[in-house]
file model18.txt (compact mmCIF, C-alpha atoms)
# COMPACT_ATOMS: atom_id res chain seq x y z
CA MET A 21 17.01 29.13 17.32
CA ARG A 22 16.46 30.25 20.89
CA ASN A 23 14.22 33.04 19.67
CA LEU A 24 12.18 30.54 17.67
CA PHE A 25 11.56 28.40 20.74
CA LEU A 26 10.73 31.53 22.75
CA PHE A 27 8.26 32.58 20.07
CA LEU A 28 6.65 29.13 19.98
CA TRP A 29 6.42 29.05 23.79
CA LYS A 30 4.84 32.49 23.91
CA ASN A 31 2.23 31.45 21.34
CA GLN A 32 1.79 27.92 22.63
CA PHE A 33 -1.99 28.22 22.56
CA THR A 34 -2.08 29.05 18.84
CA VAL A 35 0.67 26.54 18.05
CA LEU A 36 -1.32 23.81 19.80
CA PHE A 37 -4.45 24.92 17.93
CA VAL A 38 -2.71 24.67 14.55
CA LEU A 39 -1.27 21.27 15.50
CA ILE A 40 -4.65 19.84 16.54
CA GLU A 41 -6.40 21.23 13.46
CA THR A 42 -3.71 19.65 11.28
CA ILE A 43 -4.51 16.29 12.87
CA GLY A 44 -8.21 17.00 12.31
CA PHE A 45 -7.73 17.78 8.61
CA TYR A 46 -5.51 14.75 8.18
CA LEU A 47 -8.29 12.57 9.63
CA LEU A 48 -10.86 14.35 7.47
CA VAL A 49 -9.06 13.93 4.18
CA SER A 50 -7.83 10.39 4.80
CA ASN A 51 -11.20 9.04 5.95
CA ASN A 52 -13.90 10.85 3.98
CA SER A 53 -14.01 10.00 0.30
CA TYR A 54 -15.82 13.21 -0.73
CA GLN A 55 -13.26 15.55 0.88
CA GLN A 56 -10.50 13.33 -0.48
CA SER A 57 -11.79 13.67 -4.02
CA VAL A 58 -12.05 17.48 -3.66
CA VAL A 59 -8.40 17.65 -2.56
CA HIS A 60 -7.39 15.32 -5.37
CA VAL A 61 -9.24 17.20 -8.11
CA SER A 62 -8.01 20.63 -7.02
CA GLY A 63 -4.51 19.16 -6.77
CA VAL A 64 -4.65 17.98 -10.36
CA GLN A 65 -6.07 21.33 -11.46
CA LEU A 66 -3.37 23.33 -9.69
CA SER A 67 -0.42 21.17 -10.73
CA GLY A 68 -1.85 21.07 -14.25
CA LYS A 69 -1.73 24.86 -14.48
CA VAL A 70 1.79 25.04 -13.05
CA TYR A 71 3.20 22.33 -15.32
CA ASP A 72 1.41 23.70 -18.36
CA PHE A 73 3.28 26.94 -17.76
CA GLU A 74 6.56 25.06 -17.38
CA HIS A 75 5.80 22.94 -20.44
CA SER A 76 5.17 25.95 -22.66
CA TYR A 77 8.85 26.87 -22.18
CA LYS A 78 10.29 23.38 -22.21
CA LYS A 79 8.57 21.99 -25.29
CA TYR A 80 10.97 23.62 -27.76
CA ILE A 81 13.94 21.73 -26.38
CA GLY A 82 12.67 18.30 -27.38
CA LEU A 83 11.13 19.44 -30.66
CA LEU A 84 13.62 17.72 -32.93
CA GLU A 85 13.34 14.36 -31.25
CA GLU A 86 9.58 14.59 -31.07
CA ASN A 87 9.37 15.42 -34.78
CA GLU A 88 11.46 12.38 -35.54
CA ALA A 89 9.18 10.08 -33.55
CA LEU A 90 6.04 11.49 -35.16
CA ARG A 91 7.59 11.21 -38.63
CA ASN A 92 8.41 7.56 -38.00
CA GLU A 93 4.90 6.91 -36.84
CA ASN A 94 3.49 8.72 -39.85
CA ALA A 95 5.58 6.59 -42.14
CA LEU A 96 4.30 3.43 -40.50
CA LEU A 97 0.69 4.57 -40.81
CA ARG A 98 1.20 5.53 -44.45
CA LEU A 99 2.77 2.17 -45.17
CA ALA A 100 -0.12 0.38 -43.50
CA SER A 101 -2.76 2.33 -45.40
CA LEU A 102 -0.93 1.78 -48.71
CA ASN A 103 -0.96 -1.93 -48.09
CA GLY A 104 -4.65 -1.76 -47.27
CA ALA A 105 -4.10 -3.29 -43.86
CA PRO A 106 -6.00 -1.91 -40.88
CA THR A 107 -3.73 0.26 -38.73
CA GLN A 108 -3.09 -0.34 -35.08
CA ILE A 109 -5.39 2.40 -33.81
CA GLU A 110 -8.15 2.61 -36.37
CA GLU A 111 -8.69 -1.12 -36.29
CA ILE A 112 -12.45 -0.87 -35.94
CA ALA A 113 -14.68 2.21 -35.69
CA GLN A 114 -15.52 0.95 -32.21
CA TYR A 115 -12.63 3.03 -30.87
CA ASP A 116 -12.18 6.79 -30.61
CA CYS A 117 -8.72 8.31 -30.50
CA ILE A 118 -7.91 11.68 -28.90
CA PRO A 119 -4.36 13.01 -29.21
CA THR A 120 -2.92 14.74 -26.15
CA GLN A 121 0.38 15.76 -24.65
CA ALA A 122 1.98 14.88 -21.32
CA ILE A 123 2.98 17.99 -19.41
CA ASN A 124 4.38 16.22 -16.37
CA SER A 125 5.26 12.65 -15.48
CA SER A 126 7.31 10.58 -13.07
CA TYR A 127 9.02 7.20 -13.38
CA ASN A 128 11.06 6.89 -10.18
CA LEU A 129 8.30 6.60 -7.56
CA GLU A 130 6.37 3.59 -6.38
CA LYS A 131 3.13 5.17 -7.55
CA ASN A 132 3.98 7.14 -10.63
CA PHE A 133 1.68 9.51 -12.49
CA ILE A 134 1.34 11.42 -15.74
CA ILE A 135 -0.53 14.70 -16.21
CA VAL A 136 -1.81 15.53 -19.70
CA ASN A 137 -3.18 18.81 -21.02
CA SER A 138 -6.57 17.54 -22.21
CA GLY A 139 -9.56 17.02 -19.98
CA SER A 140 -13.30 16.63 -20.05
CA ALA A 141 -13.50 19.52 -22.55
CA SER A 142 -11.72 17.30 -25.08
CA GLY A 143 -13.92 14.33 -24.21
CA LEU A 144 -11.64 12.46 -21.83
CA GLN A 145 -13.29 10.20 -19.27
CA PRO A 146 -11.93 8.28 -16.29
CA ALA A 147 -10.85 4.70 -17.15
CA ASN A 148 -9.99 5.53 -20.77
CA ALA A 149 -6.93 3.80 -22.18
CA VAL A 150 -3.77 5.78 -22.91
CA ILE A 151 -1.17 4.70 -25.47
CA GLY A 152 2.02 6.25 -26.73
CA THR A 153 3.73 6.07 -30.08
CA GLU A 154 5.54 2.81 -29.20
CA GLY A 155 3.18 0.94 -26.87
CA ILE A 156 0.54 1.26 -24.21
CA VAL A 157 1.05 3.73 -21.35
CA GLY A 158 -1.74 3.56 -18.75
CA ILE A 159 -5.28 4.40 -17.75
CA VAL A 160 -6.95 7.78 -17.13
CA HIS A 161 -7.67 8.35 -13.42
CA THR A 162 -8.98 11.84 -12.61
CA VAL A 163 -10.33 14.25 -15.22
CA THR A 164 -10.79 18.00 -14.74
CA GLU A 165 -11.96 20.45 -17.37
CA ASN A 166 -8.59 20.93 -19.08
CA TYR A 167 -6.31 18.34 -17.50
CA ALA A 168 -6.28 14.69 -16.58
CA SER A 169 -4.10 12.47 -14.44
CA ILE A 170 -3.05 9.07 -15.73
CA ILE A 171 -2.02 5.99 -13.79
CA PRO A 172 0.82 4.57 -15.88
CA MET A 173 1.81 0.91 -15.94
CA LEU A 174 4.58 1.97 -13.54
CA HIS A 175 2.18 2.05 -10.57
CA SER A 176 1.86 -0.51 -7.79
CA ASP A 177 -1.92 -0.75 -8.32
CA SER A 178 -1.74 -1.12 -12.08
CA LYS A 179 -2.87 -4.48 -13.45
CA ILE A 180 -3.19 -5.07 -17.17
CA SER A 181 -4.13 -8.30 -18.88
CA GLY A 182 -1.41 -9.34 -21.31
CA ARG A 183 -1.33 -12.09 -23.93
CA LEU A 184 1.63 -13.84 -25.46
CA LYS A 185 1.40 -12.99 -29.17
CA GLY A 186 0.81 -16.03 -31.36
CA THR A 187 -0.70 -18.06 -28.50
CA ASN A 188 -3.92 -17.82 -26.57
CA TYR A 189 -2.21 -17.81 -23.16
CA PHE A 190 -2.75 -14.71 -21.08
CA GLY A 191 -1.72 -13.40 -17.66
CA GLN A 192 -1.52 -10.31 -15.50
CA CYS A 193 1.09 -7.62 -16.05
CA LYS A 194 2.32 -6.15 -12.78
CA TRP A 195 4.99 -3.63 -12.04
CA GLU A 196 7.23 -4.52 -9.13
CA GLY A 197 8.43 -1.02 -8.43
CA ARG A 198 12.12 -1.24 -9.18
CA ASP A 199 12.94 -0.74 -12.83
CA ASP A 200 11.01 1.69 -15.01
CA LYS A 201 11.82 -0.39 -18.11
CA VAL A 202 10.61 -3.77 -16.87
CA ILE A 203 7.23 -5.28 -16.00
CA MET A 204 6.36 -8.87 -14.95
CA LEU A 205 3.83 -11.07 -16.76
CA GLU A 206 2.46 -13.73 -14.41
CA ASN A 207 0.23 -16.82 -14.70
CA ILE A 208 1.55 -18.22 -17.98
CA PRO A 209 1.78 -22.05 -17.59
CA ASN A 210 5.25 -23.57 -17.45
CA HIS A 211 4.86 -25.66 -20.59
CA VAL A 212 4.37 -22.66 -22.87
CA PRO A 213 7.67 -21.93 -24.61
CA VAL A 214 8.77 -18.31 -24.35
CA ALA A 215 11.68 -17.02 -26.39
CA GLN A 216 13.56 -13.82 -25.88
CA GLY A 217 11.95 -11.02 -27.88
CA ASP A 218 8.47 -12.56 -27.99
CA THR A 219 5.86 -9.81 -28.15
CA ILE A 220 3.39 -9.31 -25.30
CA ILE A 221 0.13 -7.66 -26.40
CA THR A 222 -3.03 -6.50 -24.65
CA ARG A 223 -5.85 -8.99 -24.26
CA GLY A 224 -8.66 -6.41 -24.16
CA SER A 225 -10.58 -8.36 -21.54
CA THR A 226 -12.08 -5.38 -19.69
CA GLY A 227 -12.76 -3.33 -22.79
CA ILE A 228 -10.40 -0.54 -21.71
CA PHE A 229 -7.57 -1.39 -24.11
CA PRO A 230 -8.29 -2.62 -27.62
CA PRO A 231 -6.87 -6.14 -27.98
CA GLY A 232 -3.55 -6.55 -29.74
CA LEU A 233 -1.67 -3.39 -28.71
CA ILE A 234 1.99 -3.88 -27.86
CA ILE A 235 2.91 -3.89 -24.15
CA GLY A 236 6.52 -5.02 -24.49
CA PHE A 237 8.92 -7.80 -25.37
CA ALA A 238 9.84 -10.83 -23.28
CA SER A 239 13.42 -10.80 -22.04
CA SER A 240 13.58 -13.81 -19.72
CA SER A 241 11.34 -16.17 -17.82
CA GLU A 242 11.66 -18.12 -14.59
CA ARG A 243 9.61 -21.29 -14.15
CA ASP A 244 8.14 -21.97 -10.73
CA GLU A 245 7.78 -25.75 -10.39
CA SER A 246 5.65 -25.54 -7.25
CA SER A 247 2.87 -23.43 -8.74
CA GLY A 248 3.24 -24.59 -12.37
CA PHE A 249 3.33 -21.04 -13.68
CA GLN A 250 6.20 -19.04 -15.04
CA ARG A 251 6.99 -15.38 -14.49
CA ILE A 252 8.04 -13.60 -17.63
CA GLN A 253 10.16 -10.48 -17.49
CA VAL A 254 8.93 -8.01 -20.10
CA ASN A 255 10.87 -5.05 -21.46
CA LEU A 256 8.33 -2.26 -21.85
CA ALA A 257 7.85 -0.90 -25.36
CA THR A 258 7.14 2.57 -24.00
CA ASN A 259 10.03 4.60 -22.67
CA PHE A 260 8.52 6.22 -19.57
CA ARG A 261 11.43 8.61 -19.26
CA LYS A 262 10.49 10.30 -22.53
CA ILE A 263 6.70 10.51 -22.33
CA ASN A 264 5.41 13.22 -24.65
CA THR A 265 2.77 12.66 -27.33
CA LEU A 266 -0.01 10.35 -26.13
CA TYR A 267 -3.30 9.10 -27.48
CA VAL A 268 -6.37 8.51 -25.35
CA ILE A 269 -8.51 5.66 -26.64
CA GLN A 270 -12.20 5.34 -25.88
CA ASN A 271 -14.18 2.21 -26.44
CA ARG A 272 -17.71 3.02 -27.63
CA HIS A 273 -18.86 -0.43 -26.57
CA LYS A 274 -17.44 -0.25 -23.03
CA GLU A 275 -20.77 0.33 -21.25
CA GLU A 276 -22.39 -2.46 -23.20
CA LEU A 277 -19.57 -4.83 -22.28
CA ASP A 278 -19.66 -3.76 -18.62
CA SER A 279 -23.38 -4.37 -18.27
CA LEU A 280 -23.04 -7.76 -19.93
CA VAL A 281 -20.23 -8.74 -17.51
CA LEU A 282 -22.33 -7.52 -14.58
CA LYS A 283 -25.38 -9.48 -15.72
CA THR A 284 -23.28 -12.59 -16.21
CA GLN A 285 -21.80 -12.25 -12.73
CA GLU A 286 -25.27 -11.87 -11.21
CA TRP A 287 -26.41 -14.91 -13.11
CA ILE A 288 -23.41 -16.96 -11.92
CA GLU A 289 -23.99 -15.95 -8.30
CA LYS A 290 -27.58 -17.17 -8.48
CA MET B 11 -12.96 20.34 42.61
CA ASP B 12 -13.67 16.61 42.36
CA ARG B 13 -17.35 17.29 42.24
CA GLU B 14 -16.75 19.75 39.43
CA VAL B 15 -14.76 17.17 37.42
CA VAL B 16 -17.45 14.50 37.92
CA GLY B 17 -20.16 16.95 36.90
CA GLN B 18 -18.26 17.92 33.72
CA SER B 19 -17.67 14.26 32.81
CA VAL B 20 -21.34 13.40 33.25
CA ARG B 21 -22.28 16.35 31.05
CA PHE B 22 -19.67 15.32 28.44
CA ILE B 23 -21.09 11.81 28.10
CA ALA B 24 -24.75 12.85 28.38
CA LEU B 25 -24.33 15.44 25.59
CA ILE B 26 -22.62 12.93 23.27
CA PHE B 27 -25.45 10.45 23.72
CA LEU B 28 -28.12 13.13 23.35
CA GLN B 29 -26.45 14.24 20.11
CA VAL B 30 -25.84 10.88 18.44
CA LEU B 31 -28.93 9.02 19.64
CA ILE B 32 -31.57 11.72 19.34
CA LEU B 33 -30.51 14.96 17.64
CA ASN B 34 -28.63 13.33 14.74
CA ASN B 35 -31.85 11.54 13.84
CA VAL B 36 -34.01 14.66 13.90
CA LEU B 37 -34.24 15.67 10.26
CA PHE B 38 -37.10 17.97 9.50
CA SER B 39 -35.20 20.11 7.03
CA ASN B 40 -31.79 20.11 5.42
CA LEU B 41 -31.23 23.63 6.79
CA PHE B 42 -31.82 22.86 10.46
CA ASN B 43 -29.24 20.54 11.99
CA PRO B 44 -28.82 21.30 15.70
CA TYR B 45 -25.43 20.40 17.22
CA LEU B 46 -26.16 20.77 20.92
CA TYR B 47 -22.96 19.03 22.09
CA ILE B 48 -21.16 22.39 21.73
CA TYR B 49 -22.99 23.29 25.00
CA PHE B 50 -20.15 21.49 26.78
CA ILE B 51 -17.58 23.97 25.44
CA LEU B 52 -19.84 26.90 26.34
CA LEU B 53 -20.12 25.86 29.97
CA LEU B 54 -16.43 25.18 30.69
CA PRO B 55 -15.32 27.31 33.67
CA VAL B 56 -14.11 30.81 32.82
CA ASP B 57 -10.61 30.08 34.15
CA PHE B 58 -10.34 26.68 32.41
CA ARG B 59 -6.87 26.40 30.83
CA PRO B 60 -7.23 27.36 27.12
CA SER B 61 -4.76 24.70 25.87
CA LEU B 62 -6.60 22.00 27.82
CA GLY B 63 -9.83 23.35 26.33
CA LEU B 64 -8.45 22.71 22.82
CA ILE B 65 -7.66 19.10 23.67
CA VAL B 66 -11.05 18.54 25.32
CA GLY B 67 -12.74 20.14 22.30
CA PHE B 68 -10.85 17.89 19.89
CA PHE B 69 -11.86 14.74 21.74
CA LEU B 70 -15.47 15.89 22.11
CA GLY B 71 -15.68 16.46 18.35
CA LEU B 72 -13.86 13.20 17.65
CA SER B 73 -16.37 11.26 19.77
CA ILE B 74 -19.25 12.72 17.77
CA ASP B 75 -17.34 11.94 14.55
CA ILE B 76 -16.86 8.30 15.50
CA PHE B 77 -20.60 7.85 16.01
CA SER B 78 -21.63 9.70 12.85
CA GLN B 79 -18.91 8.39 10.45
CA THR B 80 -17.57 11.85 9.64
CA LEU B 81 -14.05 11.46 11.06
CA GLY B 82 -12.39 14.86 11.42
CA MET B 83 -15.35 17.15 10.65
CA HIS B 84 -16.69 17.76 14.16
CA ALA B 85 -13.18 17.55 15.64
CA ILE B 86 -12.04 20.47 13.45
CA ALA B 87 -15.11 22.59 14.22
CA THR B 88 -15.11 21.95 17.99
CA THR B 89 -11.37 22.63 18.29
CA PHE B 90 -11.97 25.91 16.46
CA ALA B 91 -14.78 26.82 18.87
CA ALA B 92 -12.52 26.02 21.85
CA TYR B 93 -9.82 28.20 20.28
CA CYS B 94 -12.16 31.17 19.91
CA ARG B 95 -13.77 30.88 23.37
CA PRO B 96 -10.99 32.59 25.43
CA TYR B 97 -10.97 35.53 22.98
CA VAL B 98 -14.75 35.87 23.13
CA LEU B 99 -14.61 35.71 26.94
CA THR B 100 -11.92 38.43 27.07
CA TYR B 101 -13.87 40.59 24.61
CA MET B 102 -17.10 40.24 26.60
CA ALA B 103 -15.60 40.59 30.09
CA PRO B 104 -17.62 42.78 32.49
CA ARG B 105 -16.02 46.08 33.46
CA ASP B 106 -14.69 44.69 36.76
CA GLY B 107 -13.73 41.28 35.37
CA TYR B 108 -15.18 37.88 36.13
CA GLU B 109 -15.39 37.64 39.92
CA PHE B 110 -15.87 33.90 40.06
CA SER B 111 -14.19 30.86 38.58
CA ARG B 112 -17.48 29.11 37.87
CA ASN B 113 -19.34 28.18 34.73
CA PRO B 114 -20.47 31.07 32.58
CA GLY B 115 -24.22 30.42 32.84
CA VAL B 116 -27.40 32.48 32.89
CA ARG B 117 -27.51 32.41 36.71
CA GLN B 118 -24.10 34.10 36.96
CA MET B 119 -24.13 36.39 33.92
CA GLY B 120 -27.76 37.07 32.97
CA TRP B 121 -29.83 36.19 29.90
CA LEU B 122 -28.53 38.89 27.56
CA TRP B 123 -24.83 38.23 28.17
CA PHE B 124 -25.23 34.47 27.98
CA SER B 125 -27.30 34.56 24.75
CA THR B 126 -24.73 36.79 23.02
CA TYR B 127 -21.79 34.67 24.22
CA ALA B 128 -23.47 31.38 23.27
CA GLY B 129 -24.69 32.80 19.95
CA ILE B 130 -21.20 33.88 18.85
CA ILE B 131 -19.52 30.56 19.68
CA ILE B 132 -22.35 28.43 18.27
CA ALA B 133 -22.32 30.42 15.01
CA LEU B 134 -18.53 30.08 14.66
CA HIS B 135 -18.69 26.35 15.37
CA HIS B 136 -21.56 25.70 12.97
CA PHE B 137 -20.03 27.76 10.18
CA VAL B 138 -16.71 25.90 10.34
CA LEU B 139 -18.55 22.58 10.55
CA PHE B 140 -20.74 23.18 7.49
CA PHE B 141 -17.84 24.71 5.60
CA VAL B 142 -15.69 21.63 6.17
CA GLU B 143 -18.66 19.48 5.19
CA MET B 144 -19.14 21.38 1.91
CA PHE B 145 -15.35 21.76 1.43
CA ARG B 146 -15.43 24.23 -1.43
CA MET B 147 -15.86 27.97 -1.93
CA SER B 148 -18.66 27.78 -4.50
CA GLY B 149 -21.32 26.73 -1.98
CA LEU B 150 -20.52 29.55 0.44
CA TRP B 151 -23.97 31.15 0.47
CA GLN B 152 -25.69 27.86 1.14
CA THR B 153 -23.19 27.13 3.91
CA LEU B 154 -23.85 30.55 5.48
CA LEU B 155 -27.63 30.10 5.34
CA LYS B 156 -27.40 26.59 6.74
CA SER B 157 -25.13 27.66 9.61
CA LEU B 158 -27.40 30.61 10.43
CA CYS B 159 -30.56 28.47 10.60
CA SER B 160 -28.91 25.67 12.55
CA SER B 161 -27.20 28.11 14.96
CA ILE B 162 -30.55 29.66 15.85
CA LEU B 163 -32.03 26.22 16.56
CA THR B 164 -29.03 25.18 18.68
CA LEU B 165 -29.13 28.47 20.59
CA ILE B 166 -32.82 27.94 21.40
CA LEU B 167 -32.07 24.43 22.68
CA VAL B 168 -29.16 25.74 24.80
CA LEU B 169 -31.40 28.42 26.35
CA ILE B 170 -34.11 25.84 27.07
CA ILE B 171 -31.59 23.68 28.94
CA GLN B 172 -30.42 26.72 30.91
CA LEU B 173 -34.03 27.52 31.77
CA ILE B 174 -34.69 23.96 32.99
CA PHE B 175 -31.60 23.94 35.23
CA LEU B 176 -32.30 27.47 36.47
CA ARG B 177 -35.74 26.31 37.69
CA SER B 178 -34.45 23.12 39.31
CA ASN B 179 -31.54 24.93 40.94
CA ARG B 180 -33.89 27.14 42.95
CA SER B 181 -34.89 24.07 44.99
CA ASN B 182 -31.55 22.25 44.94
CA SER B 183 -28.36 24.17 44.29
CA SER B 184 -26.23 21.52 42.65
CA TYR B 185 -24.25 21.83 39.40
CA GLU B 186 -26.13 22.39 36.19
call {"tool": "encode", "arguments": {"input": "model18.txt", "output": "structure tokens"}}
result
Amino acid sequence: MRNLFLFLWKNQFTVLFVLIETIGFYLLVSNNSYQQSVVHVSGVQLSGKVYDFEHSYKKYIGLLEENEALRNENALLRLASLNGAPTQIEEIAQYDCIPTQAINSSYNLEKNFIIVNSGSASGLQPANAVIGTEGIVGIVHTVTENYASIIPMLHSDSKISGRLKGTNYFGQCKWEGRDDKVIMLENIPNHVPVAQGDTIITRGSTGIFPPGLIIGFASSSERDESSGFQRIQVNLATNFRKINTLYVIQNRHKEELDSLVLKTQEWIEK
Amino acid sequence: MDREVVGQSVRFIALIFLQVLILNNVLFSNLFNPYLYIYFILLLPVDFRPSLGLIVGFFLGLSIDIFSQTLGMHAIATTFAAYCRPYVLTYMAPRDGYEFSRNPGVRQMGWLWFSTYAGIIIALHHFVLFFVEMFRMSGLWQTLLKSLCSSILTLILVLIIQLIFLRSNRSNSSYE
């Protein structure tokens, strides 16, 4: 220990230099959006490579379970096509579906993330929707050539419009950062009856998610008499601890919808 | 001593204003961006404490950053220049050492010595600055070309200022 201090004291000039440059780089990366994006993109690229390597060894362990889940999904799809009903994903040709695989994910942080092993080479774009085999998962954030990072619903900035199935009432789904199985649906008026197990589905208001995909199931609700709105606790359909096979969904009409919304907003502001 | 400190402070502020009010607005080519404020680091006394030089360099760069909305960029480059300066001074020391504790200017050291010394530090500063601005390896050649062109322009400006003060000092021997 004493030698360490002696060494630092002897090289105090260089130590001070490194310290000041660290402050400089911290300022640079936290205040300049271009440099920030470079750090972010190379971070995704690097961690993508590392986790891809890890994943190539780990994927055999969960093979049985994964097979089971895919078989179940296959059965559902087959059943749906036999009955002639439109399936959940191929509802209209408006949507594209790209299968991908999560190679790393977290569920215990305040701002969680998922890294998948498809990128711009497979056609992924930022702000695409991501769904799993059971329910929706999140939104694509950064895309590199072969990898992409996803902001899951378990993220403090994540806001998804949810609708109570069977009614036309909708609200915002927010994650409160405690439980990775639970999300809150807000802004549903008090007079709307909510029973345990009611399905919460996407509203599709921004054109990212197709309407009608399952978010989760209501477990309880607390009415707030002062505001007139209730807060519904929703058990997520997706198990974020076992993220594996994912589908990225692209809306071919997204740009059209965006420009219409923009024009409408301009018109309202006039 | 006090007079020296006052003179340095005046130069510090004058160079910041010259840089942000005039030179930052001179844009006649993307390749030529003079950063004359580094002149302050060049003219610190030879025996100025190196660690203090780092801190002064950081705050000089930070001041430029605040005015040009590039927080961190100039601070990193100027701190780097202040870090290199003592090594350049040691490397370029005359055979019998520096006999004075004054500013390393043309009057004390001659045109050739001063141009080499200024050229090295300006080039190092500009290269780090443009590298941090580009922030990736793929644009390295463009960064090198840009730092070379801009360094030459800054060096010319530095020598012009030296020339002006050399003339005026003949009549009145105050600080430059």
call {"tool": "interface_residues", "arguments": {"input": "model18.txt", "of": "chain A", "to": "chain B", "cutoff": "7 Å", "atoms": "all atoms listed in the file", "output": "list of chain:residue names"}}
result
A:Phe33, A:Phe37, A:Glu41, A:Gly44, A:Phe45, A:Leu47, A:Leu48, A:Asn51, A:Asn52, A:Gln55
call {"tool": "atom_distance", "arguments": {"input": "model18.txt", "atom1": "CA of Val163 in chain A", "atom2": "CA of Gly139 in chain A"}}
result
5.6 Å
call {"tool": "residues_around", "arguments": {"input": "model18.txt", "residues": "range 123-140 of chain B", "least_positions_apart": "2", "cutoff": "9 Å", "atoms": "all atoms listed in the file", "output": "PyMOL selection string"}}
result
chain B and resi 44-46+48-49+51-52+83-92+94-95+98-99+102+114-116+119-121+142-145+153-154+156-158+160-162+164-165+168-169
call {"tool": "atom_distance", "arguments": {"input": "model18.txt", "atom1": "CA of Ser138 in chain A", "atom2": "CA of Ile151 in chain A"}}
result
14.3 Å
call {"tool": "residues_around", "arguments": {"input": "model18.txt", "residues": "range 22-30 of chain B", "least_positions_apart": "3", "cutoff": "7 Å", "atoms": "all atoms listed in the file", "output": "PyMOL selection string"}}
result
chain B and resi 18-19+33-34+45-47+50+74+77
call {"tool": "atom_distance", "arguments": {"input": "model18.txt", "atom1": "CA of Val268 in chain A", "atom2": "CA of Asn148 in chain A"}}
result
6.6 Å
call {"tool": "residues_around", "arguments": {"input": "model18.txt", "residues": "Asp218 in chain A", "least_positions_apart": "3", "cutoff": "7 Å", "atoms": "only C-alpha atoms", "output": "ChimeraX atom specification"}}
result
/A:214-215,237-238
call {"tool": "closest_residue", "arguments": {"input": "model18.txt", "among": "A:Ile288, A:Leu233, A:Leu84, A:Ile228", "to": "His273 in chain A", "atoms": "all atoms listed in the file"}}
result
A:Ile228
call {"tool": "closest_residue", "arguments": {"input": "model18.txt", "among": "A:Glu165, A:Glu85, A:Glu242, A:Asp177", "to": "Gly68 in chain A", "atoms": "all atoms listed in the file"}}
result
A:Glu165
call {"tool": "closest_residue", "arguments": {"input": "model18.txt", "among": "B:Arg117, B:Leu53, B:Tyr97, B:Phe69", "to": "Leu173 in chain B", "atoms": "only C-alpha atoms"}}
result
B:Arg117
call {"tool": "residues_around", "arguments": {"input": "model18.txt", "residues": "Tyr108 in chain B", "least_positions_apart": "2", "cutoff": "12 Å", "atoms": "all atoms listed in the file", "output": "list in words"}}
result
Pro55, Val56, Asp57, Leu99, Thr100, Tyr101, Met102, Ala103, Pro104, Arg105, Asp106, Phe110, Ser111, Arg112, Asn113, Pro114, Gln118 and Met119 of chain B
call {"tool": "closest_residue", "arguments": {"input": "model18.txt", "among": "A:Gln121, A:Gln270, A:Asn259, A:Thr42", "to": "Asp199 in chain A", "atoms": "all atoms listed in the file"}}
result
A:Asn259
call {"tool": "axis_aligned_box", "arguments": {"input": "model18.txt", "around": "range 93-98 of chain B", "padding_each_side": "4 Å", "output": "lines of an AutoDock Vina configuration file"}}
result
center_x = -12.3
center_y = 32.0
center_z = 22.7
size_x = 12.9
size_y = 15.7
size_z = 13.5
call {"tool": "decode", "arguments": {"input": "model18.txt", "residues": "range 17-27 of chain B", "atoms": "N, CA and C atoms", "output": "PDB file, in the first residue's frame"}}
result
ATOM      1  N   GLY B  17      -0.339  40.278 -15.864  1.00  0.00           N
ATOM      2  CA  GLY B  17      -0.103  40.171 -17.308  1.00  0.00           C
ATOM      3  C   GLY B  17      -0.646  38.876 -17.870  1.00  0.00           C
ATOM      4  N   GLN B  18      -0.409  37.746 -17.148  1.00  0.00           N
ATOM      5  CA  GLN B  18      -0.907  36.444 -17.601  1.00  0.00           C
ATOM      6  C   GLN B  18      -2.432  36.422 -17.640  1.00  0.00           C
ATOM      7  N   SER B  19      -3.056  37.024 -16.594  1.00  0.00           N
ATOM      8  CA  SER B  19      -4.522  37.015 -16.533  1.00  0.00           C
ATOM      9  C   SER B  19      -5.115  37.803 -17.693  1.00  0.00           C
ATOM     10  N   VAL B  20      -4.511  38.968 -17.975  1.00  0.00           N
ATOM     11  CA  VAL B  20      -4.998  39.785 -19.090  1.00  0.00           C
ATOM     12  C   VAL B  20      -4.894  38.995 -20.386  1.00  0.00           C
ATOM     13  N   ARG B  21      -3.757  38.306 -20.559  1.00  0.00           N
ATOM     14  CA  ARG B  21      -3.566  37.527 -21.782  1.00  0.00           C
ATOM     15  C   ARG B  21      -4.593  36.401 -21.878  1.00  0.00           C
ATOM     16  N   PHE B  22      -4.843  35.738 -20.723  1.00  0.00           N
ATOM     17  CA  PHE B  22      -5.814  34.637 -20.648  1.00  0.00           C
ATOM     18  C   PHE B  22      -7.186  35.094 -21.169  1.00  0.00           C
ATOM     19  N   ILE B  23      -7.655  36.211 -20.616  1.00  0.00           N
ATOM     20  CA  ILE B  23      -8.991  36.698 -20.986  1.00  0.00           C
ATOM     21  C   ILE B  23      -9.011  37.215 -22.422  1.00  0.00           C
ATOM     22  N   ALA B  24      -7.969  37.977 -22.795  1.00  0.00           N
ATOM     23  CA  ALA B  24      -7.914  38.540 -24.146  1.00  0.00           C
ATOM     24  C   ALA B  24      -7.938  37.430 -25.196  1.00  0.00           C
ATOM     25  N   LEU B  25      -7.177  36.342 -24.931  1.00  0.00           N
ATOM     26  CA  LEU B  25      -7.111  35.253 -25.918  1.00  0.00           C
ATOM     27  C   LEU B  25      -8.452  34.537 -26.037  1.00  0.00           C
ATOM     28  N   ILE B  26      -9.153  34.358 -24.897  1.00  0.00           N
ATOM     29  CA  ILE B  26     -10.471  33.704 -24.957  1.00  0.00           C
ATOM     30  C   ILE B  26     -11.423  34.525 -25.817  1.00  0.00           C
ATOM     31  N   PHE B  27     -11.431  35.847 -25.585  1.00  0.00           N
ATOM     32  CA  PHE B  27     -12.349  36.689 -26.353  1.00  0.00           C
ATOM     33  C   PHE B  27     -11.968  36.732 -27.832  1.00  0.00           C
TER      34      PHE B  27
END
